[in-house]
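Colleague: First the structure, then my questions, so here it is.
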Amino acid sequence: MESIYLSIILAPLAASVVVGLFGSRVGRAGAHWITIVGVSISFVLSLVVLADVLGGAEVYSGAVYQWGQVGGLSLEIGFLIDHLTALMITVVSFVSLAVHIYTIGYMADDDGYQRFFSYISLFTFAMLTLVMSNNFLQLFFGWEAVGVVSYLLIGFWFKRETAIFANMKAFLVNRVGDFGFLLGIATLLAFTGSLDYQTVFGAAEGLADERISLFSGTEWSVLTVACLGLFVGAMGKSAQMPLHVWLPDSMEGPTPISALIHAATMVTAGIFMVARMSPLFEYSQTALSVMLVIGATTAIFTGLLGIVQQDIKRIVAYSTLSQLGYMTVALGASAYAAGIFHLMTHAFFKALLFLAAGSVIIALHHEQDIRRMGGLRKYMPITYWTSVIGTLALIGFPGFSGFYSKDALIEAVHLSTTPGAGYAYWCVLLGVFVTALYSFRLLFVVFHGEERIDHHAREHLEESPKVVTVPLILLAIPSVVIGWITIGPVLFGGFFDDSIFVLAQQDVVGLVGEEFHGAAAFIVHAATHSVALYLAAAGALVAWFLYIRRPDLPGMLQARLAVMHRVLDNKYYFDWFNENVVAAATRMLAGSLWRVADAGVIDGVGINGSARGVRYLAGVVRNFQTGYLYHYAFAMIIGLTAFLVWLTFGG
Amino acid sequence: MSGFPILSALVWLPILAGIAVLALGSGEAGARRGKLVSLVASTVVFILSLPLYFGFDVTTAEMQFVERVSWIERFNVYYHLGLDGISLPLVLLTTLLTPLVVLAGWRVIQLRPAQYFAAFLFMEGLMIGVFAALDGLLFYVFWEAMLVPMFIIIGVWGGERRIYATVKFFLFTFLGSVFMLVALIYLYLQAGSYAILAFHDLPLTMREQQWIFVAFLLAFAVKVPMWPVHTWLPDAHVEAPTGGSVILAAVLLKMGGYGFVRFSLPITPDASAALAGVIIVLSLIAIIYIAFVALAQEDMKKLIAYSSIAHMGFVTLGFFVIFQIALGGAGGAGIFGGDGAMLALQGGMVQMISHGLISGALFLCVGVMYDRLHSRQIADYGGVVNTMPRFAALMVFFALANAGLPGTSGFVGEFLVILGSFQASFWLAFLAATTLVFGAAYTLWLVKRVVFGDVANEGVASLKDVDSREFFYLAVLAAGVLLLGVWPAPLLEVMEVTLASLLEHVQQTKL
């Protein structure tokens, strides 16, 4: 099996390198064939691994090679293969494959065609390395590597000023997260002497009682410090408030990568990582509470922003932020399995929604403003119907994939007793209403109502080609059925028993599972025991009323609630604060440190001052300045040589 | 290989070749022959240095490839060369970079080309001498002599303010070195010889150690350079021709770091421990304060120069934080002390090698652009990727390596030092780790302004992509950066036993 594991990550890497280095030689068709074959190998082998794991294979953890040995510490690159890994690699390689195919159509006219395929294959390699890791070193490698490819892809259209600003911003904000992540890793190493998952997890319980003094007089649990550090990393990658600011801007990248990286896979790396680290987080109530509060806040507040946005991709991006908040809440409630389950269903339907948005965008010749859309339903039936499916999955329509994952998640949070769970429960519940509202607003404004399309765009308006619609259909299928099929076995069937650890008293997923009697019965249960379904219906209804029935109302509301609208329109002023306070202060500090301290004090007063003194006293410097530096240098050499000769032979 | 004086060959072959190049004359034909001789000689030296690596016994901390001949009997001075796990990687770094630098100057240098290439050959021999010398006086001779070709390179082939830069460079390094000479003479008087290894075992009182430590510190801190004696470096870099900048950043700065591990730590362990706090604070200032200063730069070379200072902060941090860990200093946070100190030491050493490759490559990148547009100002560029895609790919790669991306050598050293520093104190690691954000900020901002964007002006529009010569030397460095990042084990393995023995040595008090 080891060679299979290795092939899973090396196939896309090899494809990426070949296409990256020899792009012009392999040509466009060569580029997409090579990378698609590479990713297909990963996908098929992932299925093999999944089947193997489902067939009851033992958890595998083994090294590939030794990265380095320092003192008694051996740092190794290796794989951990269990149910969680198998599920993740399958989802990642499947979505990646769909995106590869879709890219053929979406990027058909782009000059950077080969470069794009090279990047997305490289991304697939990095993401697979991340999820298959059995140690923190490789985890960090994959973690930063996906960040770099994201950086390259957001700035893919490097001529656009907005794109190259967005990619730098994304990288730096992620680096703030990685800063915490690295400190978390350092904490674990310091107290366990290892970067290997198994060893660190084995020591977790003991670390909960170990204390570290951070500020004089305060003692922290080592485990809490480590977990908070790791979670800061997750906040960056999975875009939790206040480190969420990069994700909406990342929409500057081409749409396929918004689907692949900024919806389905990379942004869920933080969620995956915390679930992977469940043996650590379980023992830190503080870290769990922090996750509940941050996740819940993100879920509701970024969802609200989705309602006022006018850019089709940004609306989906805010939706992604909100759903990531849901997943984080699940982690905080110790419902890791529910979080991962939602991650999986979300990967399918959010990739679908992004690709559908992309289909609209290319059909309208790169128009992204929904105010210049409308009535597209009749021109683009496949895109429309797959969008409907994606929307229903997202809002949690009974029977669709998102329904199962979201409802289970909300139920689990409801049962959680971790401090902060009450707040989180209300946020995620209200979030259901908000989700339905912005989702149906998007659907109605884009596909229904009057046509507000530009004349030029109208002339050529037609359904997208097959390479675009086939991936849509490919993703629509799991968006509908994956929840129905898998909720029983995956969420409640002990699927994650070998990979996720939950303390008995915090096992809320288990409690929800006690009430679970099949996928059909779950619908009935939800309809009778929870208001979530009705909130979703209400949200959809309000959207229908506002955008179909009375399209004049939103404008009036906007005028009435001007202050609130302005706050939302400015995204709670996070960007304003970062640019005008954080960035400006940094630039000012940098400038003054250089001009005042470095050039002024050290150089001006210290160095040049003493140089003037030297010049005054000895006139040495004047000799230099007359250009006879040579002479001086040679005088030095001759003097030195003479001295040595004298020492050697003289006396 | 036994019997063949391989180290002497590495020291003297380039120097003899340099003399030959000068002798070939300065006409056009002479210059062409001179260039060829330089390239062949430096390549031969590189090939000759490979057996050092493959023949190196990694299981011992003893000096290897030793040559020892009496030189000045009256003063018990020996021509004494040898390598251990600390000096071997630095010698290899030198032999790798010199041929690349010769290539970089191949078509660019029009003024007195023979002298230019000869200067680099002289410097190569002298630099190898510095790393290989095991006799204090021999070391000092190489150390000082090496400066001369560097002065000349900057002073003759430098930019407009080259004289100012050279004078500043001279004043700083010379003042530092003088104190080192005094310290060496004092040690000689105590030990009766200049043998560096004998100095290591020389018992010294705390007061003696402190004086010697400070004397060495002045010399080494200037070279590294450490804050606040760093201001010569940006000026020297800005004025130096590309090759000069590369050697300056890649090898010359390493002499400071090398000095700390070869002299300061083992000769004055107690003073080092007592004053470690000061060095750690200065290192953190370099890492944080200098990163901000780098952010404000408008000249590409200055920016990379400041970035060098910040990166070298990790070297000094790694070397001195061991006293806070291994000796059970203040605020030890972790539980596996000894390994923490090894992490920091290894990290500091790896950082030196890695910085040699990355900063060298970045200066070469600036050189490639400078050769075309004759400007180092960031504002004169923008959208270089449009006209130089291959070059842009390489430059972005080196920039990411400079920002410490895992999978590149730039990550390894910083990662190990941060992990090690945590053993001393959470806050130390916290402050050092800010480089993740600040280091990325100035590097990526540079990339954004220079490489990305639409074509900024006619100059950029006229740029031609790298030719095969330029591509070759950048690709070699890229391969090295990648290899050390993905698999640093071969480098770590070479240094491990030597550093472990050093660590053991510094834990023994001399008092």
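Residues in the structure tokens are named by chain (A, B, ... in the order shown) and by number from 1 within that chain; ligands are numbered from 1 in the order shown.
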Write out as a count of residues only each polymer residue whose atoms come within 10 Å of Pro488 in chain B, counting only C-alpha atoms; drop sequence neighbours fewer than 4 positions from it.
Modeller: 16
Colleague: Could you pull out the residues in range 4-200 of chain A that DSSP calls alpha helix (DSSP H) from the backbone, as a VMD selection string?
Modeller: chain A and resid 4 to 21 23 to 54 83 to 106 113 to 132 136 to 154 161 to 192 197 to 200
Colleague: Would you mind listing, as JSON, numbers by chain, all residues of chain B that have at least one atom within 7 Å of chain A, where only C-alpha atoms are what counts?
Modeller: {"B": [71, 72, 145, 148, 152, 155, 163, 167, 231, 292, 293, 295, 296, 333, 334, 335, 336, 339, 342, 343, 405, 406, 407, 419, 422, 423, 430, 433, 434, 436, 437, 440, 441, 444, 448, 452, 453, 454, 487, 488, 489, 492, 496]}
Colleague: What does the distance from CA of Gly233 in chain A to CA of Leu284 in chain B come to in Å, to one decimal?
Modeller: 23.1 Å
Colleague: Within 9 Å of Met132 in chain A, counting only C-alpha atoms, which residues show up once you throw out same-chain ones fewer than 5 positions away? Write them as a ChimeraX atom specification, please.
Modeller: /A:5,9,78-81,85-86,88-89,127,138-139
Colleague: Please produce an output containing C-alpha atoms for each residue in the selection, written as an mmCIF file, in the first residue's frame.
Modeller:
data_model
loop_
_atom_site.group_PDB
_atom_site.id
_atom_site.type_symbol
_atom_site.label_atom_id
_atom_site.label_comp_id
_atom_site.auth_asym_id
_atom_site.auth_seq_id
_atom_site.Cartn_x
_atom_site.Cartn_y
_atom_site.Cartn_z
ATOM 1 C CA TYR A 5 0.036 6.340 -0.899
ATOM 2 C CA ILE A 9 0.716 12.641 -3.991
ATOM 3 C CA GLY A 78 5.319 10.138 6.438
ATOM 4 C CA PHE A 79 1.707 9.154 5.990
ATOM 5 C CA LEU A 80 -1.154 8.525 8.351
ATOM 6 C CA ILE A 81 -3.950 6.625 6.651
ATOM 7 C CA THR A 85 -7.554 10.696 5.630
ATOM 8 C CA ALA A 86 -9.279 8.355 3.215
ATOM 9 C CA MET A 88 -10.407 13.724 2.702
ATOM 10 C CA ILE A 89 -8.208 12.482 -0.130
ATOM 11 C CA MET A 127 -3.354 19.576 -0.238
ATOM 12 C CA GLN A 138 4.763 17.841 6.951
ATOM 13 C CA LEU A 139 1.456 19.314 8.053
#
Colleague: Report as a list in words: the residues of range 34-253 of chain B with a DSSP assignment of strand (DSSP E), based on the backbone of this structure.
Modeller: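 For range 34-253 of chain B, the strand (DSSP E) set is Gln64, Phe65, Val66, Glu67, Arg68, Val69, Ser70, Trp71, Ile72, Val77, Tyr78, Tyr79, His80, Leu81, Gly82 and Leu83 of chain B.
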Colleague: Go ahead and write the selection's residues with N, CA and C atoms as a short mmCIF file (atom, residue, chain, number, x, y, z; two decimals), in the first residue's frame.
Modeller:
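Listed below is the output, part.cif:
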data_model
loop_
_atom_site.label_atom_id
_atom_site.label_comp_id
_atom_site.auth_asym_id
_atom_site.auth_seq_id
_atom_site.Cartn_x
_atom_site.Cartn_y
_atom_site.Cartn_z
N GLN B 64 39.47 17.14 10.23
CA GLN B 64 39.81 16.21 9.16
C GLN B 64 40.54 16.94 8.04
N PHE B 65 41.19 16.17 7.19
CA PHE B 65 41.99 16.72 6.08
C PHE B 65 43.06 17.67 6.63
N VAL B 66 43.62 17.30 7.78
CA VAL B 66 44.51 18.23 8.47
C VAL B 66 45.87 18.33 7.77
N GLU B 67 46.37 19.56 7.68
CA GLU B 67 47.73 19.81 7.22
C GLU B 67 48.40 20.68 8.26
N ARG B 68 49.61 20.31 8.65
CA ARG B 68 50.24 21.10 9.70
C ARG B 68 51.74 21.15 9.43
N VAL B 69 52.21 22.35 9.16
CA VAL B 69 53.63 22.56 8.90
C VAL B 69 54.08 23.75 9.73
N SER B 70 55.25 23.65 10.30
CA SER B 70 55.75 24.78 11.08
C SER B 70 56.00 25.95 10.14
N TRP B 71 55.60 27.14 10.58
CA TRP B 71 55.71 28.29 9.71
C TRP B 71 56.67 29.31 10.32
N ILE B 72 56.35 29.80 11.48
CA ILE B 72 57.22 30.77 12.13
C ILE B 72 57.60 30.15 13.46
N VAL B 77 54.19 29.44 15.39
CA VAL B 77 53.07 29.60 14.46
C VAL B 77 53.12 28.48 13.43
N TYR B 78 51.99 27.90 13.14
CA TYR B 78 51.93 26.79 12.19
C TYR B 78 51.04 27.15 11.00
N TYR B 79 51.45 26.61 9.87
CA TYR B 79 50.53 26.61 8.75
C TYR B 79 49.64 25.39 8.97
N HIS B 80 48.48 25.60 9.53
CA HIS B 80 47.68 24.51 10.06
C HIS B 80 46.25 24.64 9.52
N LEU B 81 45.90 23.68 8.68
CA LEU B 81 44.56 23.71 8.10
C LEU B 81 43.80 22.45 8.48
N GLY B 82 42.50 22.54 8.48
CA GLY B 82 41.68 21.37 8.77
C GLY B 82 40.21 21.74 8.74
N LEU B 83 39.37 20.73 8.63
CA LEU B 83 37.93 20.99 8.55
C LEU B 83 37.18 20.14 9.57
#
Colleague: Excluding Leu103 in chain B and its own-chain neighbours fewer than 5 positions away, which residues fall within 9 Å of it when counting only C-alpha atoms? Please give them as JSON, numbers by chain.
Modeller: {"B": [35, 39, 98, 469, 470, 473]}
Colleague: Those residues you just picked out, can you put them in a file as a PDB file, in the first residue's frame with C-alpha atoms?
Modeller:
ATOM      1  CA  LYS B  35      37.826  35.003 -18.042  1.00  0.00           C
ATOM      2  CA  LEU B  39      35.906  29.978 -14.913  1.00  0.00           C
ATOM      3  CA  THR B  98      32.615  31.532  -6.923  1.00  0.00           C
ATOM      4  CA  ARG B 469      24.029  31.730 -18.891  1.00  0.00           C
ATOM      5  CA  GLU B 470      21.838  33.664 -16.464  1.00  0.00           C
ATOM      6  CA  TYR B 473      23.449  30.170 -12.402  1.00  0.00           C
TER       7      TYR B 473
END
Colleague: Need to verify the contact set: range 543-547 of chain A, 10 Å, only C-alpha atoms, exclusion of same-chain residues closer than 6 positions in sequence. Can you return it as a list of chain:residue names?
Modeller: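 Here the qualifying residues turn out to be A:Ile307, A:Val434, A:Ala436, A:Leu437, A:Tyr438, A:Ser439, A:Phe440, A:Arg441, A:Leu442, A:Leu443, A:Phe444, A:Val445, A:His448, A:Gly449, A:Ala537, A:Leu553, A:Pro554, A:Gly555, A:Leu557.
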Colleague: List as a PyMOL selection string the protein and nucleic acid residues near range 278-285 of chain A, meaning an atom at most 6 Å away when only C-alpha atoms are counted, but skip any in the same chain fewer than 3 places from it.
Modeller: chain A and resi 201+204+224+275+288+500-501
Colleague: Would you compute the distance between CA of Gln368 in chain A and CA of Ile453 in chain A? Give it in Å to one decimal.
Modeller: 11.3 Å
Colleague: Return the single residue from A:Thr265, A:Asn135, A:Gln114, A:Ser258 that is closest to Phe94 in chain A, with distances computed using only C-alpha atoms.
Modeller: A:Thr265
